[in-house]
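Input: a single structure, listed below in structure tokens.
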Amino acid sequence: MKASTIWDNHLIRRAAAAVFWLIVWQVVSMTVPRLLFASPAETAVHLAQMIAGSEFWLSIAHSLGKIAGGFALAFVAGCALAVLANRLTLVHVMLEPAVQIMKSVPVACFIVVALIWMRSAWISVLTAFFVVFPAVYINLDEGFRSVDSKMLEMIRLFRLTAGKRLYAVYLPSAMPYLLSACRVSVGMALKAGVAGEIIGLPRWSIGEQLYLSKLYLNTADLFAWSIVIIVLSIGLEKLLVRLIAGIQRRWERVV
């Protein structure tokens, strides 16, 4: 097999990239004091020890449960309000300033303000909602507004009901935008939720574990938790995208 043919393999390219960055990681860890920069091997050992403990799974369960709750609330609210805004111009106009504020305000500022109003135990729910809602609402609204004008003319001609219009015309057009929103917002929700936990320090959370790792200069644990967050982010994104893509395929068969 030719070298060019081997390099065309997607998995081989990814494996080569991973090996390259592991080598870079190892070289950096050899030039920096061990206290400040753990090596890949040391991080792997600490990760294995963490996985064997119940505190690791408890922290993941608590954090993921709350972040997923905030994501679900934002997803439902974003979809519902995008549909409503598409039907009523007044709703669209009234929501625009709030959505722009949510897009523009730094997450750290929002977290600090939110901690004045609520217990730290629920900060990850609100933070996930804060970053996901604008992404879902804006993408879905844009998808609704991208419907072909000829299709809208046909709707008026055949006098379809609002439900049939939404089901047969608007949602199929908006699905690619919704998939794009999910790809972006899953990782954002996890990062923002953990950032909220680092500041609020709720008990049994990923954010608390990261903060303690930093406090005790335990870079091996810090890197291990960072790897866990990356894996969770990629896994949840792929799961959600596959779920929505499956719903879209069924939808297309029905329509």
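In the structure tokens, chains take the letters A, B, ... in the order shown, each chain's residues start at 1, and ligands count up from 1 in the order shown.
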
| said: Which residues are close to A:Leu178, i.e. within 10 Å by only C-alpha atoms, leaving aside same-chain residues fewer than 2 positions away? Reply as a PyMOL selection string. | reply: chain A and resi 75+79+135-143+171+173-176+180-183+241+244-245

| Shell of 8 Å around A:Glu42, only C-alpha atoms, local chain residues under 4 positions omitted, as a PyMOL selection string | chain A and resi 38+46+220

| field | Coordinates-based distance that separates atom CA of A:Asp221 from atom CA of A:Val107 (Å, one decimal) | value |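 Separating atom CA of A:Val107 from atom CA of A:Asp221 is a distance of 24.7 Å.
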
| note | atom CA of A:Ile67 to atom CA of A:Ser124 measures 5.7 Å

| request: Write out as an NGL selection string all residues of stretch 11-202 of chain A that backbone DSSP assigns to alpha helix (DSSP H). | output: :A and (11-31 or 40-52 or 54-87 or 89-104 or 107-117 or 123-145 or 149-158 or 162-165 or 171-200)

| Residue among A:Met102, A:Val32, A:Ile60, A:Ala82 lying closest to A:Ser205, counting only C-alpha atoms | A:Ile60

| said: At a cut-off of 10 Å, using only C-alpha atoms, what residues contact A:Leu210? Leave out same-chain residues fewer than 2 positions from it and give the result as a list in words. | reply: Val194, Ala195, Glu197, Ile198, Leu201, Ser205, Ile206, Gly207, Glu208, Leu212, Ser213, Lys214, Leu215, Asn218, Thr219, Asp221, Leu222, Phe223, Ala224, Trp225 and Ser226 of chain A

For the residues in the current selection, export all heavy atoms as a short mmCIF file (atom, residue, chain, number, x, y, z; two decimals), in the first residue's frame.
data_model
loop_
_atom_site.label_atom_id
_atom_site.label_comp_id
_atom_site.auth_asym_id
_atom_site.auth_seq_id
_atom_site.Cartn_x
_atom_site.Cartn_y
_atom_site.Cartn_z
N VAL A 194 -18.95 23.98 34.00
CA VAL A 194 -17.78 23.68 34.86
C VAL A 194 -17.14 24.98 35.35
O VAL A 194 -16.71 25.07 36.51
CB VAL A 194 -16.76 22.81 34.09
CG1 VAL A 194 -15.46 22.69 34.89
CG2 VAL A 194 -17.33 21.42 33.82
N ALA A 195 -17.11 26.01 34.48
CA ALA A 195 -16.57 27.31 34.90
C ALA A 195 -17.39 27.88 36.06
O ALA A 195 -16.84 28.43 37.02
CB ALA A 195 -16.58 28.28 33.73
N GLU A 197 -19.01 26.12 38.23
CA GLU A 197 -18.70 25.31 39.42
C GLU A 197 -17.36 25.70 40.03
O GLU A 197 -17.19 25.67 41.25
CB GLU A 197 -18.71 23.83 39.03
CG GLU A 197 -20.08 23.29 38.69
CD GLU A 197 -20.05 21.86 38.17
OE1 GLU A 197 -18.94 21.36 37.84
OE2 GLU A 197 -21.12 21.24 38.08
N ILE A 198 -16.39 26.06 39.18
CA ILE A 198 -15.08 26.47 39.70
C ILE A 198 -15.21 27.73 40.54
O ILE A 198 -14.54 27.89 41.57
CB ILE A 198 -14.08 26.69 38.54
CG1 ILE A 198 -13.75 25.35 37.88
CG2 ILE A 198 -12.80 27.35 39.04
CD1 ILE A 198 -12.92 25.48 36.62
N LEU A 201 -18.07 26.64 43.48
CA LEU A 201 -17.61 25.49 44.27
C LEU A 201 -18.74 24.71 44.94
O LEU A 201 -18.73 24.48 46.15
CB LEU A 201 -16.61 25.96 45.35
CG LEU A 201 -15.29 26.53 44.85
CD1 LEU A 201 -14.44 27.00 46.01
CD2 LEU A 201 -14.54 25.50 44.01
N SER A 205 -18.69 18.16 42.56
CA SER A 205 -18.79 18.64 41.18
C SER A 205 -17.42 18.59 40.51
O SER A 205 -16.38 18.54 41.18
CB SER A 205 -19.34 20.07 41.14
OG SER A 205 -18.40 20.97 41.73
N ILE A 206 -17.43 18.58 39.17
CA ILE A 206 -16.17 18.59 38.42
C ILE A 206 -15.41 19.88 38.70
O ILE A 206 -14.18 19.88 38.85
CB ILE A 206 -16.45 18.44 36.91
CG1 ILE A 206 -17.06 17.06 36.62
CG2 ILE A 206 -15.17 18.63 36.10
CD1 ILE A 206 -17.50 16.87 35.17
N GLY A 207 -16.13 20.99 38.78
CA GLY A 207 -15.50 22.28 39.05
C GLY A 207 -14.77 22.29 40.38
O GLY A 207 -13.67 22.84 40.49
N GLU A 208 -15.38 21.69 41.40
CA GLU A 208 -14.74 21.62 42.72
C GLU A 208 -13.45 20.81 42.64
O GLU A 208 -12.42 21.20 43.22
CB GLU A 208 -15.69 20.99 43.73
CG GLU A 208 -15.10 20.92 45.14
CD GLU A 208 -15.88 19.99 46.06
OE1 GLU A 208 -16.36 18.95 45.57
OE2 GLU A 208 -15.98 20.30 47.25
N LEU A 212 -9.68 22.18 43.49
CA LEU A 212 -8.83 21.55 44.50
C LEU A 212 -7.48 21.12 43.89
O LEU A 212 -6.43 21.23 44.54
CB LEU A 212 -9.54 20.34 45.12
CG LEU A 212 -10.76 20.66 45.99
CD1 LEU A 212 -11.45 19.39 46.44
CD2 LEU A 212 -10.35 21.50 47.21
N SER A 213 -7.52 20.65 42.64
CA SER A 213 -6.27 20.27 41.96
C SER A 213 -5.36 21.47 41.79
O SER A 213 -4.15 21.40 41.98
CB SER A 213 -6.59 19.67 40.58
OG SER A 213 -7.39 18.52 40.71
N LYS A 214 -5.97 22.60 41.44
CA LYS A 214 -5.20 23.84 41.28
C LYS A 214 -4.69 24.33 42.62
O LYS A 214 -3.55 24.79 42.76
CB LYS A 214 -6.07 24.89 40.60
CG LYS A 214 -5.47 26.29 40.55
CD LYS A 214 -6.13 27.19 41.60
CE LYS A 214 -5.53 28.59 41.58
NZ LYS A 214 -6.02 29.42 42.70
N LEU A 215 -5.53 24.24 43.66
CA LEU A 215 -5.18 24.74 44.99
C LEU A 215 -3.96 24.01 45.54
O LEU A 215 -3.08 24.62 46.15
CB LEU A 215 -6.38 24.57 45.93
CG LEU A 215 -6.29 25.22 47.30
CD1 LEU A 215 -6.26 26.74 47.17
CD2 LEU A 215 -7.47 24.80 48.17
N ASN A 218 -1.70 20.16 42.05
CA ASN A 218 -1.70 18.77 41.58
C ASN A 218 -2.02 18.78 40.09
O ASN A 218 -3.16 18.58 39.67
CB ASN A 218 -2.75 17.96 42.36
CG ASN A 218 -2.64 16.47 42.10
OD1 ASN A 218 -2.03 16.05 41.12
ND2 ASN A 218 -3.24 15.68 42.98
N THR A 219 -1.00 19.06 39.28
CA THR A 219 -1.24 19.21 37.84
C THR A 219 -1.64 17.91 37.16
O THR A 219 -2.33 17.92 36.15
CB THR A 219 0.01 19.78 37.15
OG1 THR A 219 1.15 18.97 37.45
CG2 THR A 219 0.25 21.21 37.57
N ASP A 221 -3.71 15.61 38.40
CA ASP A 221 -5.17 15.54 38.54
C ASP A 221 -5.85 16.59 37.67
O ASP A 221 -6.92 16.35 37.08
CB ASP A 221 -5.57 15.76 40.01
CG ASP A 221 -5.56 14.46 40.81
OD1 ASP A 221 -5.16 13.43 40.23
OD2 ASP A 221 -5.94 14.48 41.99
N LEU A 222 -5.25 17.78 37.61
CA LEU A 222 -5.81 18.87 36.80
C LEU A 222 -5.88 18.46 35.33
O LEU A 222 -6.92 18.66 34.67
CB LEU A 222 -4.95 20.12 36.95
CG LEU A 222 -5.47 21.41 36.33
CD1 LEU A 222 -6.78 21.85 36.97
CD2 LEU A 222 -4.42 22.52 36.48
N PHE A 223 -4.80 17.88 34.80
CA PHE A 223 -4.80 17.42 33.42
C PHE A 223 -5.76 16.25 33.22
O PHE A 223 -6.42 16.16 32.18
CB PHE A 223 -3.38 17.00 33.00
CG PHE A 223 -2.41 18.15 32.85
CD1 PHE A 223 -1.07 17.92 32.62
CD2 PHE A 223 -2.84 19.46 32.94
CE1 PHE A 223 -0.17 18.97 32.46
CE2 PHE A 223 -1.96 20.53 32.80
CZ PHE A 223 -0.63 20.27 32.56
N ALA A 224 -5.83 15.37 34.21
CA ALA A 224 -6.73 14.21 34.11
C ALA A 224 -8.18 14.66 34.03
O ALA A 224 -8.96 14.16 33.19
CB ALA A 224 -6.53 13.29 35.31
N TRP A 225 -8.57 15.62 34.88
CA TRP A 225 -9.94 16.14 34.83
C TRP A 225 -10.19 16.87 33.51
O TRP A 225 -11.32 16.81 32.96
CB TRP A 225 -10.21 17.06 36.01
CG TRP A 225 -10.62 16.32 37.24
CD1 TRP A 225 -9.91 16.16 38.38
CD2 TRP A 225 -11.86 15.63 37.44
NE1 TRP A 225 -10.61 15.41 39.30
CE2 TRP A 225 -11.82 15.07 38.74
CE3 TRP A 225 -12.99 15.42 36.65
CZ2 TRP A 225 -12.87 14.32 39.26
CZ3 TRP A 225 -14.05 14.67 37.17
CH2 TRP A 225 -13.98 14.13 38.45
N SER A 226 -9.18 17.56 32.99
CA SER A 226 -9.33 18.25 31.71
C SER A 226 -9.60 17.24 30.59
O SER A 226 -10.44 17.48 29.71
CB SER A 226 -8.07 19.06 31.38
OG SER A 226 -7.85 20.04 32.37
#
